[in-house]
Amino acid sequence: MAASSPLLSRDAALAILGVRPQTLYAYVSRGLIRMQADPGEPRRSLYLRHDIEALVARKKRSRRRADIASSAIAWGEPVLESAISTVRDGRLVFRGQDAAALSSRASLEDVAAVLWNCAAFDPPAKSPPIPRNAQRGGAASRALAALGDLAARQQPIVGRGDDRLVEDARATLYAFVDAIAERPGSGRAHERIAAGWKLDARGADLVRRALALIADHELNASTFAVRVAASTGAPLAAAALAGFCALLGPLHGGAIASSLDLLDRMMASRGQRAFARAAIARGERFLGFGHPLYPLGDMRALALRAAMKPPTKIARALDVAADEVGRPPNIDIMLAALTRQLALPDDAPLRLFAAGRMAGWLAHAMEQGRSGRLIRPRARYIGV
């Protein structure tokens, strides 16, 4: 198999693990290594490279408490209990529901009701005016100001009932969406955003799907920031503000902007394959491809692409880049592709990501607040 293939033959798997076939089969039966039939020879099994490499790394890792804690910070062992979402066997699950299936029919409000574990709700008939300090600058500036204004007026999470928290969550969601859409709106979140961009019904439906798919994704950097803030009892809007600030970093939300730049350069080049090879040779990182939690492909990207049916030029750029880098597209590059397909502003990927993820941030803030536990890890001192 190719060196970059996500699947390994039995012999290759045994060589990496350094075990006998019986041990490999035992790992499979215990769910530690996933396998699937070889498309070219159904009687032969192929094994997931990601699972094998993770198992090898786990064996090599020291079991000292300090090393275990340190490794948990980046794609390591789970560190918090949550009933909101998980990625399992290549599927994203929202409280037991498959996110891809949910996105085929659900609005962001529908997904929020699932994540918040509350009854379905309708958007307000009319949104309050956007605060004066949130009417200036770009979308990020407006959203920061809107959240800050709301955080100053909301009550802390501590000691408040579920109904009150859901009320605050709804107010925060629509204040943020209106800031992202640049004006007070009406209707559901995707309708407000689509109206701001003057999209037709099909464009609005693609926005709906994107928001639903992005709504939550376990414990990524911005969501962890939300939970840390919420663990202090801060108001929901303040916890959401912490998450949005984290998203604005170049290694988180900035990766989405890098994906758009890569897609633009790919489509502008006369020879897309030659361009991709030259970029890889220069050491350029293709941030919109591959994901540690989806070794066989980001299901969010797959679901959105199937709905988009991108035009040939965009589809070819995605396929050529994926083929050359040896990793399938992830949701970042697919949001970039959606931006170009619908002729949206350059900051549209970040706006869509933040608006959709707001539902998840608020879910995590409420869950953490209800736990009554302060998140306060220790530092391992390495100074003088």
# chains A, B, ... in the order shown; residues from 1 in each chain; ligands from 1

call {"tool": "closest_atom_pairs", "arguments": {"of": "range 82-201 of chain A", "to": "range 345-363 of chain A", "cutoff": "12 Å", "atoms": "only C-alpha atoms", "output": "tab-separated table"}}
result
residue	atom	partner	partner_atom	distance
A:Ser82	CA	A:Ala363	CA	10.1
A:Ala83	CA	A:Ala363	CA	9.9
A:Ile84	CA	A:Ala363	CA	7.3
A:Ser85	CA	A:Gly360	CA	8.9
A:Thr86	CA	A:Gly360	CA	11.9
A:Phe94	CA	A:Gly360	CA	9.8
A:Arg95	CA	A:Ala363	CA	11.2
A:Ser103	CA	A:Gly356	CA	11.6
A:Ser107	CA	A:Gly356	CA	10.1
A:Leu108	CA	A:Gly356	CA	6.9
A:Glu109	CA	A:Ala359	CA	8.2
A:Asp110	CA	A:Ala359	CA	10.1
A:Val111	CA	A:Ala359	CA	7.8
A:Ala112	CA	A:Ala359	CA	5.3
A:Ala113	CA	A:Ala359	CA	8.9
A:Val114	CA	A:Ala363	CA	9.3
A:Leu115	CA	A:Ala363	CA	5.8
A:Trp116	CA	A:Ala363	CA	5.0
A:Asn117	CA	A:Ala363	CA	8.4
A:Cys118	CA	A:Ala363	CA	10.3
A:Gly138	CA	A:Asp347	CA	9.1
A:Ala139	CA	A:Arg351	CA	7.4
A:Ala140	CA	A:Arg351	CA	7.9
A:Ser141	CA	A:Arg351	CA	11.5
A:Arg142	CA	A:Arg351	CA	11.2
A:Ala143	CA	A:Arg351	CA	9.5
A:Leu144	CA	A:Ala354	CA	11.3
A:Leu147	CA	A:Met358	CA	11.1
A:Ile157	CA	A:Leu362	CA	11.2
A:Asp162	CA	A:Ala363	CA	11.5
A:Leu165	CA	A:Leu362	CA	9.4
A:Val166	CA	A:Leu362	CA	9.0
A:Glu167	CA	A:Leu362	CA	11.2
A:Asp168	CA	A:Leu362	CA	9.3
A:Ala169	CA	A:Leu362	CA	6.2
A:Arg170	CA	A:Ala359	CA	9.1
A:Ala171	CA	A:Leu362	CA	10.8
A:Thr172	CA	A:Leu362	CA	8.4
A:Leu173	CA	A:Met358	CA	6.5
A:Tyr174	CA	A:Ala355	CA	9.3
A:Ala175	CA	A:Ala355	CA	10.3
A:Phe176	CA	A:Ala355	CA	7.1
A:Val177	CA	A:Ala355	CA	5.9
A:Asp178	CA	A:Ala355	CA	9.5
A:Ala179	CA	A:Ala355	CA	9.6
A:Ile180	CA	A:Arg351	CA	6.1
A:Ala181	CA	A:Arg351	CA	8.4
A:Glu182	CA	A:Arg351	CA	10.7
A:Arg188	CA	A:Ala355	CA	12.0
A:Ala189	CA	A:Ala355	CA	8.3
A:His190	CA	A:Ala355	CA	9.2
A:Arg192	CA	A:Ala355	CA	11.0
A:Ile193	CA	A:Leu352	CA	8.7
A:Ala194	CA	A:Leu352	CA	10.6
A:Gly196	CA	A:Pro345	CA	11.0
A:Trp197	CA	A:Pro345	CA	8.5
A:Lys198	CA	A:Pro345	CA	11.7

call {"tool": "select_by_dssp", "arguments": {"residues": "range 64-252 of chain A", "states": "helix (DSSP H, G or I)", "output": "VMD selection string"}}
result
chain A and resid 65 to 71 99 to 103 108 to 116 132 to 134 139 to 153 162 to 181 189 to 196 201 to 214 221 to 231 236 to 247

call {"tool": "residues_around", "arguments": {"residues": "Ala307 in chain A", "least_positions_apart": "6", "cutoff": "9 Å", "atoms": "only C-alpha atoms", "output": "VMD selection string"}}
result
chain A and resid 104 206 209

call {"tool": "write_last_selection", "arguments": {"atoms": "C-alpha atoms", "output": "compact mmCIF listing (two decimals), in the first residue's frame"}}
result
# COMPACT_ATOMS: atom_id res chain seq x y z
CA SER A 104 -29.73 16.75 6.25
CA LEU A 206 -26.28 24.99 2.24
CA ARG A 209 -26.30 22.32 6.59

call {"tool": "atom_distance", "arguments": {"atom1": "CA of Gly18 in chain A", "atom2": "CA of Val56 in chain A"}}
result
9.4 Å

call {"tool": "residues_around", "arguments": {"residues": "Asp51 in chain A", "least_positions_apart": "2", "cutoff": "10 Å", "atoms": "only C-alpha atoms", "output": "count of residues only"}}
result
18

call {"tool": "select_by_dssp", "arguments": {"residues": "range 48-190 of chain A", "states": "strand (DSSP E)", "output": "list in words"}}
result
Leu48, Ser85, Thr86, Val87, Arg88, Arg91, Leu92, Val93, Phe94, Gln97 and Asp98 of chain A

call {"tool": "write_last_selection", "arguments": {"atoms": "C-alpha atoms", "output": "mmCIF file, in the first residue's frame"}}
result
data_model
loop_
_atom_site.group_PDB
_atom_site.id
_atom_site.type_symbol
_atom_site.label_atom_id
_atom_site.label_comp_id
_atom_site.auth_asym_id
_atom_site.auth_seq_id
_atom_site.Cartn_x
_atom_site.Cartn_y
_atom_site.Cartn_z
ATOM 1 C CA LEU A 48 -6.395 1.489 10.109
ATOM 2 C CA SER A 85 -20.779 15.080 21.532
ATOM 3 C CA THR A 86 -18.092 12.611 20.555
ATOM 4 C CA VAL A 87 -16.263 11.272 17.505
ATOM 5 C CA ARG A 88 -16.419 7.493 17.326
ATOM 6 C CA ARG A 91 -18.766 9.467 13.006
ATOM 7 C CA LEU A 92 -19.617 12.693 14.793
ATOM 8 C CA VAL A 93 -22.408 12.115 17.310
ATOM 9 C CA PHE A 94 -24.561 14.748 19.045
ATOM 10 C CA GLN A 97 -27.615 11.279 17.057
ATOM 11 C CA ASP A 98 -25.484 11.079 13.913
#

call {"tool": "residues_around", "arguments": {"residues": "range 227-238 of chain A", "least_positions_apart": "2", "cutoff": "6 Å", "atoms": "only C-alpha atoms", "output": "mmCIF file with N, CA and C atoms, in the first residue's frame"}}
result
data_model
loop_
_atom_site.group_PDB
_atom_site.id
_atom_site.type_symbol
_atom_site.label_atom_id
_atom_site.label_comp_id
_atom_site.auth_asym_id
_atom_site.auth_seq_id
_atom_site.Cartn_x
_atom_site.Cartn_y
_atom_site.Cartn_z
ATOM 1 N N LEU A 147 -20.966 40.214 22.151
ATOM 2 C CA LEU A 147 -20.819 39.281 23.271
ATOM 3 C C LEU A 147 -20.402 40.005 24.545
ATOM 4 N N ALA A 151 -22.449 39.951 27.928
ATOM 5 C CA ALA A 151 -21.809 39.383 29.116
ATOM 6 C C ALA A 151 -21.900 40.323 30.311
ATOM 7 N N GLN A 154 -25.679 39.884 31.604
ATOM 8 C CA GLN A 154 -26.218 38.590 32.038
ATOM 9 C C GLN A 154 -25.796 38.256 33.470
ATOM 10 N N GLN A 155 -26.582 37.390 34.104
ATOM 11 C CA GLN A 155 -26.261 36.901 35.438
ATOM 12 C C GLN A 155 -25.288 35.728 35.343
ATOM 13 N N PRO A 156 -24.492 35.479 36.383
ATOM 14 C CA PRO A 156 -23.597 34.313 36.378
ATOM 15 C C PRO A 156 -24.376 33.005 36.250
ATOM 16 N N ILE A 157 -23.690 31.963 35.818
ATOM 17 C CA ILE A 157 -24.313 30.653 35.643
ATOM 18 C C ILE A 157 -24.711 30.040 36.984
ATOM 19 N N VAL A 158 -23.866 30.257 37.998
ATOM 20 C CA VAL A 158 -24.021 29.563 39.274
ATOM 21 C C VAL A 158 -25.402 29.794 39.889
ATOM 22 N N THR A 172 -27.987 34.822 23.653
ATOM 23 C CA THR A 172 -26.584 34.897 23.219
ATOM 24 C C THR A 172 -26.444 34.425 21.780
ATOM 25 N N PHE A 224 -12.706 24.195 24.973
ATOM 26 C CA PHE A 224 -12.050 24.076 26.281
ATOM 27 C C PHE A 224 -11.958 25.438 26.961
ATOM 28 N N ALA A 225 -11.685 26.483 26.168
ATOM 29 C CA ALA A 225 -11.656 27.837 26.735
ATOM 30 C C ALA A 225 -13.016 28.209 27.310
ATOM 31 N N ALA A 240 -18.895 32.190 26.239
ATOM 32 C CA ALA A 240 -18.890 32.139 24.776
ATOM 33 C C ALA A 240 -17.854 33.106 24.204
ATOM 34 N N LEU A 241 -17.704 34.249 24.833
ATOM 35 C CA LEU A 241 -16.701 35.220 24.396
ATOM 36 C C LEU A 241 -15.302 34.631 24.504
ATOM 37 N N ALA A 365 -20.848 25.320 28.043
ATOM 38 C CA ALA A 365 -20.868 26.264 29.165
ATOM 39 C C ALA A 365 -21.934 25.857 30.180
ATOM 40 N N GLN A 368 -20.827 22.547 31.970
ATOM 41 C CA GLN A 368 -19.759 22.785 32.937
ATOM 42 C C GLN A 368 -20.284 23.552 34.138
ATOM 43 N N GLY A 369 -21.146 24.547 33.903
ATOM 44 C CA GLY A 369 -21.697 25.325 35.005
ATOM 45 C C GLY A 369 -22.520 24.474 35.953
ATOM 46 N N ARG A 373 -17.892 22.398 39.140
ATOM 47 C CA ARG A 373 -16.464 22.101 39.317
ATOM 48 C C ARG A 373 -15.608 23.163 38.635
ATOM 49 N N LEU A 374 -14.634 23.667 39.353
ATOM 50 C CA LEU A 374 -13.680 24.626 38.803
ATOM 51 C C LEU A 374 -12.569 23.872 38.072
ATOM 52 N N ILE A 375 -12.279 24.272 36.852
ATOM 53 C CA ILE A 375 -11.166 23.674 36.106
ATOM 54 C C ILE A 375 -9.897 24.405 36.498
#
